[in-house]
file data_21.cif (mmCIF, C-alpha atoms)
data_coords
loop_
_atom_site.label_atom_id
_atom_site.label_comp_id
_atom_site.auth_asym_id
_atom_site.auth_seq_id
_atom_site.Cartn_x
_atom_site.Cartn_y
_atom_site.Cartn_z
CA MET A 261 28.63 8.46 -6.39
CA ASN A 262 27.31 8.02 -2.84
CA GLU A 263 26.66 4.27 -2.95
CA PRO A 264 25.22 2.44 0.09
CA SER A 265 27.48 -0.10 1.77
CA TYR A 266 24.60 -2.15 3.19
CA ASP A 267 21.81 -4.42 1.96
CA LEU A 268 18.17 -3.62 1.24
CA ASP A 269 17.02 -4.61 4.72
CA ALA A 270 19.51 -2.21 6.34
CA PHE A 271 18.59 0.52 3.86
CA LEU A 272 14.92 0.11 4.74
CA GLN A 273 15.65 0.39 8.45
CA THR A 274 17.86 3.45 8.00
CA THR A 275 15.24 5.11 5.82
CA LYS A 276 12.47 4.24 8.27
CA ASN A 277 14.45 5.87 11.10
CA ASP A 278 14.88 9.01 8.99
CA LEU A 279 11.16 9.00 8.20
CA GLU A 280 10.19 8.66 11.86
CA ASN A 281 12.38 11.64 12.70
CA LYS A 282 10.87 13.61 9.84
CA ILE A 283 7.32 12.83 10.97
CA THR A 284 7.95 14.12 14.49
CA ASN A 285 9.81 17.20 13.22
CA THR A 286 7.29 18.05 10.50
CA ILE A 287 3.90 17.45 12.12
CA SER A 288 3.10 19.66 15.08
CA ASP A 289 -0.22 17.98 15.91
CA LYS A 290 0.73 15.27 18.42
CA GLN A 291 -2.54 13.42 17.92
CA ILE A 292 -1.74 12.96 14.22
CA VAL A 293 1.72 11.70 15.13
CA THR A 294 0.15 9.23 17.57
CA VAL A 295 -2.30 7.95 14.94
CA MET A 296 0.62 7.36 12.56
CA GLU A 297 2.64 5.33 15.05
CA GLY A 298 3.37 1.70 14.27
CA GLY A 299 3.12 1.87 10.49
CA ARG A 300 5.39 -0.16 8.21
CA ARG A 301 6.15 3.01 6.19
CA LEU A 302 6.28 1.02 2.93
CA ARG A 303 4.88 3.82 0.78
CA PRO A 304 7.30 6.51 1.97
CA PHE A 305 10.09 3.94 1.88
CA ILE A 306 9.65 3.16 -1.80
CA SER A 307 9.28 6.89 -2.45
CA ILE A 308 12.72 7.49 -0.95
CA LEU A 309 14.12 4.45 -2.75
CA SER A 310 12.84 5.87 -6.05
CA PHE A 311 14.32 9.25 -5.18
CA LYS A 312 17.71 7.70 -4.40
CA ALA A 313 17.62 5.62 -7.58
CA CYS A 314 17.16 8.83 -9.58
CA THR A 315 19.88 10.80 -7.78
CA GLN A 316 22.22 7.76 -7.55
CA GLY A 317 22.74 8.84 -3.96
CA ASN A 318 24.33 12.14 -4.97
CA GLU A 319 21.63 14.43 -3.61
CA SER A 320 22.37 17.16 -1.07
CA SER A 321 21.19 16.92 2.52
CA GLU A 322 18.59 19.60 1.78
CA GLN A 323 17.23 17.63 -1.19
CA TYR A 324 17.04 14.45 0.90
CA GLN A 325 15.18 16.20 3.72
CA LYS A 326 12.72 17.64 1.22
CA ALA A 327 12.14 14.18 -0.28
CA LEU A 328 11.53 12.81 3.22
CA GLU A 329 8.98 15.55 3.85
CA GLY A 330 7.21 14.71 0.59
CA ALA A 331 7.14 11.06 1.60
CA VAL A 332 5.56 12.02 4.93
CA GLY A 333 2.75 13.69 2.97
CA ILE A 334 2.05 10.39 1.23
CA GLU A 335 2.00 8.54 4.55
CA LEU A 336 -0.56 11.06 5.82
CA ALA A 337 -2.86 10.23 2.91
CA TYR A 338 -2.45 6.54 3.67
CA THR A 339 -3.25 7.18 7.33
CA VAL A 340 -6.57 8.73 6.31
CA SER A 341 -7.35 5.72 4.12
CA ILE A 342 -6.89 3.26 7.00
CA ILE A 343 -9.09 5.35 9.30
CA HIS A 344 -11.79 5.13 6.63
CA GLU A 345 -11.15 1.41 6.16
CA ASP A 346 -11.50 0.65 9.85
CA ILE A 347 -14.82 2.51 10.01
CA ILE A 348 -16.21 0.82 6.90
CA GLU A 349 -15.07 -2.66 7.93
CA LYS A 350 -16.05 -2.10 11.58
CA SER A 351 -12.55 -3.07 12.66
CA LYS A 352 -11.97 -2.83 16.39
CA LYS A 353 -8.18 -2.78 16.33
CA ARG A 354 -5.39 -1.29 14.26
CA ARG A 355 -1.70 -2.03 14.85
CA GLY A 356 -2.39 -3.84 18.09
CA ARG A 357 -4.50 -1.15 19.73
CA ALA A 358 -8.01 0.26 19.55
CA ALA A 359 -8.89 1.64 16.12
CA PHE A 360 -9.17 5.42 16.04
CA HIS A 361 -12.96 5.45 15.59
CA VAL A 362 -13.36 3.07 18.53
CA LYS A 363 -11.25 5.28 20.75
CA GLU A 364 -12.52 8.68 19.60
CA SER A 365 -15.96 7.93 18.00
CA ILE A 366 -16.88 7.68 14.32
CA ASP A 367 -17.84 11.36 14.12
CA ASN A 368 -14.44 12.48 15.40
CA ALA A 369 -12.64 9.97 13.19
CA ILE A 370 -14.34 11.27 10.04
CA LEU A 371 -13.60 14.91 10.81
CA PHE A 372 -10.08 14.25 12.10
CA SER A 373 -9.20 12.31 8.94
CA HIS A 374 -10.02 15.45 6.95
CA LYS A 375 -7.65 17.38 9.19
CA ILE A 376 -4.89 14.85 8.48
CA LEU A 377 -5.56 15.11 4.76
CA THR A 378 -5.18 18.91 4.79
CA VAL A 379 -1.79 18.57 6.48
CA GLY A 380 -0.69 16.19 3.73
CA PHE A 381 -2.03 18.46 1.01
CA ASP A 382 -0.27 21.45 2.56
CA ILE A 383 3.03 19.55 2.29
CA ALA A 384 2.31 18.73 -1.34
CA LEU A 385 1.49 22.39 -2.09
CA ASN A 386 4.81 23.46 -0.62
CA HIS A 387 6.55 21.05 -2.98
CA GLY A 388 5.14 22.59 -6.15
CA ASP A 389 2.23 22.31 -8.54
CA ASP A 390 3.22 18.87 -9.85
CA MET A 391 3.25 17.38 -6.37
CA ALA A 392 -0.02 19.08 -5.41
CA ARG A 393 -1.75 17.77 -8.53
CA LEU A 394 -0.34 14.30 -7.94
CA PHE A 395 -1.63 14.34 -4.35
CA VAL A 396 -5.15 15.42 -5.35
CA ASP A 397 -5.42 13.03 -8.29
CA SER A 398 -4.15 10.03 -6.35
CA TRP A 399 -6.50 10.70 -3.45
CA ASP A 400 -9.41 10.95 -5.86
CA VAL A 401 -8.57 7.51 -7.28
CA THR A 402 -8.06 6.06 -3.78
CA LEU A 403 -11.50 7.29 -2.77
CA SER A 404 -12.97 5.72 -5.89
CA GLY A 405 -11.45 2.43 -4.79
CA GLU A 406 -12.95 2.74 -1.31
CA LEU A 407 -16.39 3.51 -2.79
CA GLY A 408 -15.96 0.67 -5.28
CA GLU A 409 -15.25 -1.74 -2.44
CA ILE A 410 -18.46 -0.76 -0.67
CA ASP A 411 -20.44 -1.33 -3.86
CA PHE A 412 -18.60 -4.62 -4.48
CA ASN A 413 -19.64 -5.94 -1.08
CA LYS A 414 -23.31 -5.21 -1.82
CA LYS A 415 -23.40 -7.34 -4.95
CA ASP A 416 -24.78 -10.85 -5.08
CA MET A 417 -21.75 -12.96 -5.95
CA LYS A 418 -23.33 -16.41 -5.87
CA SER A 419 -22.53 -18.40 -8.99
CA SER A 420 -21.28 -21.81 -10.04
CA MET A 421 -18.83 -20.34 -12.54
CA ASP A 422 -15.19 -21.29 -11.90
CA MET A 423 -12.91 -18.57 -10.60
CA ASN A 424 -9.74 -17.71 -12.48
CA THR A 425 -7.62 -14.67 -13.29
CA GLU A 426 -9.78 -13.91 -16.33
CA SER A 427 -13.10 -13.98 -14.52
CA VAL A 428 -15.22 -10.86 -14.19
CA ILE A 429 -15.33 -10.94 -10.41
CA PHE A 430 -11.56 -11.37 -10.00
CA ASN A 431 -10.92 -8.50 -12.41
CA GLU A 432 -13.37 -6.39 -10.42
CA TYR A 433 -11.46 -7.25 -7.26
CA LEU A 434 -8.15 -6.30 -8.93
CA LYS A 435 -9.65 -3.00 -10.05
CA ILE A 436 -10.58 -2.19 -6.46
CA ILE A 437 -7.14 -2.96 -5.03
CA ASP A 438 -5.52 -1.12 -7.94
CA GLN A 439 -7.43 2.04 -7.03
CA LYS A 440 -7.53 1.64 -3.26
CA THR A 441 -3.98 0.41 -2.62
CA ALA A 442 -1.77 0.41 -5.71
CA THR A 443 -2.49 4.05 -6.53
CA LEU A 444 -0.71 5.32 -3.42
CA PHE A 445 2.26 3.04 -4.12
CA ALA A 446 2.39 4.41 -7.68
CA THR A 447 2.12 7.96 -6.35
CA ALA A 448 4.90 7.33 -3.83
CA CYS A 449 7.37 6.21 -6.48
CA LYS A 450 6.43 8.95 -8.93
CA ALA A 451 6.69 11.54 -6.16
CA GLY A 452 10.19 10.33 -5.32
CA ALA A 453 11.22 10.80 -8.94
CA ILE A 454 9.66 14.27 -9.04
CA GLU A 455 11.57 15.21 -5.88
CA ALA A 456 14.73 14.20 -7.77
CA ASN A 457 13.73 16.64 -10.56
CA MET A 458 12.96 13.90 -13.05
CA THR A 459 10.63 14.62 -15.97
CA GLY A 460 9.23 12.76 -18.95
CA ASP A 461 8.98 9.01 -19.47
CA ILE A 462 10.90 8.06 -16.34
CA LEU A 463 7.98 9.31 -14.24
CA LYS A 464 5.68 6.76 -15.85
CA VAL A 465 8.27 4.02 -15.29
CA PHE A 466 8.30 4.75 -11.57
CA ALA A 467 4.52 5.10 -11.36
CA ASP A 468 4.06 1.74 -13.10
CA TYR A 469 6.74 0.19 -10.89
CA GLY A 470 4.99 1.39 -7.74
CA ARG A 471 1.61 0.21 -8.99
CA GLU A 472 2.91 -3.34 -9.56
CA ILE A 473 4.42 -3.43 -6.07
CA GLY A 474 1.15 -2.15 -4.63
CA LEU A 475 -0.86 -4.87 -6.35
CA ALA A 476 1.55 -7.59 -5.22
CA TYR A 477 1.52 -6.21 -1.68
CA GLN A 478 -2.28 -6.09 -1.39
CA LEU A 479 -2.70 -9.54 -2.89
CA ALA A 480 -0.16 -10.86 -0.36
CA ASP A 481 -1.90 -9.02 2.48
CA ASP A 482 -5.28 -10.45 1.47
CA LEU A 483 -3.85 -13.96 1.10
CA VAL A 484 -2.52 -13.75 4.66
CA ASP A 485 -5.96 -12.64 5.86
CA LEU A 486 -7.65 -15.45 3.95
CA ILE A 487 -5.45 -18.14 5.44
CA LYS A 488 -5.44 -16.75 8.97
CA GLY A 489 -9.13 -15.84 8.90
CA ASN A 490 -8.64 -12.16 9.70
CA LYS A 491 -10.40 -9.02 8.46
CA ILE A 492 -12.73 -10.84 6.13
CA ASN A 493 -15.36 -8.09 5.91
CA ASN A 494 -13.80 -6.37 2.91
CA ALA A 495 -13.63 -6.90 -0.85
CA ILE A 496 -12.20 -10.38 -0.48
CA PHE A 497 -15.28 -11.76 1.28
CA PRO A 498 -17.45 -11.82 -1.88
CA LEU A 499 -14.43 -13.24 -3.67
CA ILE A 500 -14.23 -16.16 -1.26
CA ASN A 501 -17.97 -16.62 -1.46
CA LYS A 502 -17.48 -17.04 -5.18
CA LEU A 503 -14.41 -19.24 -4.98
CA GLU A 504 -15.48 -21.50 -2.16
CA ASP A 505 -19.00 -22.66 -3.03
CA LYS A 506 -19.07 -25.10 -0.12
CA ILE A 507 -18.40 -22.41 2.47
CA LYS A 508 -21.53 -20.66 3.72
CA ALA A 509 -21.18 -16.98 4.51
CA VAL A 510 -22.81 -17.30 7.93
CA SER A 511 -20.70 -20.22 9.12
CA LEU A 512 -17.54 -18.54 7.81
CA ARG A 513 -18.33 -15.35 9.68
CA LYS A 514 -18.93 -17.36 12.88
CA LYS A 515 -15.52 -18.93 12.51
CA ILE A 516 -13.97 -15.51 11.98
CA ASP A 517 -15.79 -14.05 14.99
CA LYS A 518 -14.34 -16.81 17.14
CA GLU A 519 -10.90 -15.99 15.72
CA THR A 520 -10.54 -19.55 14.53
CA PRO A 521 -8.07 -19.75 11.62
CA THR A 522 -9.80 -20.96 8.48
CA LYS A 523 -7.84 -23.06 5.99
CA TYR A 524 -8.73 -22.52 2.36
CA SER A 525 -8.20 -24.88 -0.53
CA SER A 526 -4.93 -24.91 -2.40
CA GLY A 527 -6.84 -23.60 -5.42
CA ILE A 528 -7.46 -20.15 -4.02
CA GLU A 529 -3.94 -20.00 -2.58
CA GLN A 530 -2.45 -20.81 -5.97
CA LEU A 531 -4.64 -18.22 -7.66
CA PHE A 532 -3.29 -15.53 -5.35
CA ILE A 533 0.31 -16.77 -5.43
CA CYS A 534 0.38 -16.79 -9.24
CA GLU A 535 -1.04 -13.27 -9.33
CA ILE A 536 1.47 -12.03 -6.75
CA LYS A 537 4.35 -13.52 -8.72
CA LYS A 538 3.08 -11.88 -11.89
CA HIS A 539 3.09 -8.39 -10.41
CA VAL A 540 6.42 -8.90 -8.66
CA SER A 541 7.94 -9.95 -11.98
CA LYS A 542 6.49 -6.90 -13.76
CA ALA A 543 7.92 -4.57 -11.11
CA GLU A 544 11.32 -6.24 -11.37
CA GLU A 545 11.31 -5.79 -15.13
CA LEU A 546 10.40 -2.11 -14.81
CA SER A 547 13.28 -1.60 -12.36
CA LYS A 548 15.69 -2.56 -15.16
CA SER A 549 14.56 0.32 -17.38
CA GLU A 550 17.42 2.08 -19.16
CA SER A 551 15.88 5.41 -18.16
CA ILE A 552 16.93 4.69 -14.56
CA PRO A 553 20.65 5.40 -14.09
CA PRO A 554 22.84 2.54 -12.83
CA SER A 555 23.59 2.42 -9.10
CA ASN A 556 23.20 0.14 -6.11
CA PHE A 557 19.90 1.92 -5.47
CA LYS A 558 18.72 0.67 -8.85
CA ASN A 559 19.69 -2.81 -7.67
CA PHE A 560 17.58 -2.23 -4.57
CA LEU A 561 14.67 -1.32 -6.86
CA ASN A 562 15.00 -4.76 -8.40
CA GLU A 563 15.11 -6.51 -5.03
CA ALA A 564 12.29 -4.56 -3.39
CA PRO A 565 9.21 -6.17 -5.05
CA SER A 566 9.90 -9.72 -3.85
CA TYR A 567 11.30 -8.41 -0.56
CA ILE A 568 8.08 -6.55 0.26
CA ALA A 569 5.79 -9.39 -0.85
CA ASN A 570 7.76 -12.00 1.07
CA LYS A 571 7.80 -9.87 4.22
CA MET A 572 4.00 -10.06 4.11
CA LEU A 573 3.87 -13.76 3.27
CA LYS A 574 6.43 -14.85 5.85
CA VAL A 575 3.75 -15.22 8.52
CA ILE A 576 2.02 -17.95 6.47
CA LYS A 577 5.34 -19.52 5.39
CA ILE A 578 4.97 -18.76 1.69
CA THR A 579 7.75 -17.36 -0.51
CA VAL A 580 7.39 -15.99 -4.03
#
call {"tool": "encode", "arguments": {"input": "data_21.cif", "output": "structure tokens"}}
result
Amino acid sequence: MNEPSYDLDAFLQTTKNDLENKITNTISDKQIVTVMEGGRRLRPFISILSFKACTQGNESSEQYQKALEGAVGIELAYTVSIIHEDIIEKSKKRRGRAAFHVKESIDNAILFSHKILTVGFDIALNHGDDMARLFVDSWDVTLSGELGEIDFNKKDMKSSMDMNTESVIFNEYLKIIDQKTATLFATACKAGAIEANMTGDILKVFADYGREIGLAYQLADDLVDLIKGNKINNAIFPLINKLEDKIKAVSLRKKIDKETPTKYSSGIEQLFICEIKKHVSKAEELSKSESIPPSNFKNFLNEAPSYIANKMLKVIKITV
């Protein structure tokens, strides 16, 4: 068994280096490569982690390279989603530089994102019918999440009802991030298992595992934005409007525009923290499934949910 002799952090860095090499060697369009620069590569990372957990590290070099290529296809789909997100949210920057639509115009961004998507789909097609179907289905759900977010932001959310994890609005918010974010995480893990020639129930285990990580990740990402006062013009704005009755939308937006960090009550923080912990715990439990063969990579599966969430939360000094 080809077991790793390093920890999860080192494995992530090694995998990320392999992914960066695969991106440059797979994608001939230099503009696409440029647009992809600076990403965390979390989705392709957990795809490769899932792949390794299935093979126990005993895959051939050819199998590993193919799994890397499949993971690149998933990152391409994610790249399209953030181009869309930046247009919808009118974001000026992405990864410390001008957002693509700001640099190239909205018209070019819309058309170019379709070009990126076809490259990703072409990779999926070359990996077989199951991968192609997975790619199409997951993108359809991701789009539904993006459309749902737009509709969510149009709704009148003013109410005196208390917010909690059972409330209608919070469940609506979770539905959006499930479709928009968690779906690609679920797809990434399932794709990794498919690349390892897995079939049957284990595919659902990995899909569910990825979905729980995706939910925890997006909740953590949104909590960081809430506390720092960044990127508030998305699905979490109506949520805050609902949670924080004393905060007026106009004054909040003025604070955001001035890039003044806004501190929220401990109530909303605790709501998010509890929800993050819940999904991290579910992912950890799924990683222990008997359908996944024992190996150090399986141990990494167990460590990854809290590792990923805490990487996001580190900036606001919160640990789950």
call {"tool": "atom_distance", "arguments": {"input": "data_21.cif", "atom1": "CA of Lys435 (chain A)", "atom2": "CA of Asn570 (chain A)"}}
result
22.5 Å
call {"tool": "closest_residue", "arguments": {"input": "data_21.cif", "among": "A:Lys375, A:Arg301, A:Lys326, A:His361", "to": "His387 (chain A)", "atoms": "all atoms listed in the file"}}
result
A:Lys326
call {"tool": "closest_residue", "arguments": {"input": "data_21.cif", "among": "A:Ala327, A:Ala446, A:Ile528, A:Cys534", "to": "Ala467 (chain A)", "atoms": "only C-alpha atoms"}}
result
A:Ala446
call {"tool": "atom_distance", "arguments": {"input": "data_21.cif", "atom1": "CA of Pro304 (chain A)", "atom2": "CA of Ala331 (chain A)"}}
result
4.6 Å
call {"tool": "residues_near_point", "arguments": {"input": "data_21.cif", "point": "(3.8, 9.1, -5.0)", "cutoff": "9 Å", "atoms": "all atoms listed in the file", "output": "ChimeraX atom specification"}}
result
/A:303-304,306-307,330-331,334,391,394-395,398,443-454,467,470
call {"tool": "closest_residue", "arguments": {"input": "data_21.cif", "among": "A:Lys537, A:Met572, A:Glu319, A:Leu561", "to": "Val484 (chain A)", "atoms": "only C-alpha atoms"}}
result
A:Met572
call {"tool": "atom_distance", "arguments": {"input": "data_21.cif", "atom1": "CA of Glu329 (chain A)", "atom2": "CA of Leu407 (chain A)"}}
result
28.9 Å
call {"tool": "closest_residue", "arguments": {"input": "data_21.cif", "among": "A:Arg300, A:Phe560, A:Glu345, A:Ala358", "to": "Asn277 (chain A)", "atoms": "only C-alpha atoms"}}
result
A:Arg300
call {"tool": "closest_residue", "arguments": {"input": "data_21.cif", "among": "A:Tyr266, A:Trp399, A:Phe360, A:Phe311", "to": "Ile552 (chain A)", "atoms": "only C-alpha atoms"}}
result
A:Phe311
call {"tool": "resolve_selection", "arguments": {"input": "data_21.cif", "expression": "the PyMOL selection byres ((chain A and resi 436-439) around 8)", "output": "ChimeraX atom specification"}}
result
/A:401-406,408-409,432-435,440-443,471,474-475,478,495
call {"tool": "closest_residue", "arguments": {"input": "data_21.cif", "among": "A:Leu463, A:Val540, A:Ala456, A:Ala476", "to": "Ser320 (chain A)", "atoms": "all atoms listed in the file"}}
result
A:Ala456
call {"tool": "resolve_selection", "arguments": {"input": "data_21.cif", "expression": "the PyMOL selection byres ((chain A and resi 553) around 9)", "output": "NGL selection string"}}
result
:A and (313-316 or 549-552 or 554-555 or 558)
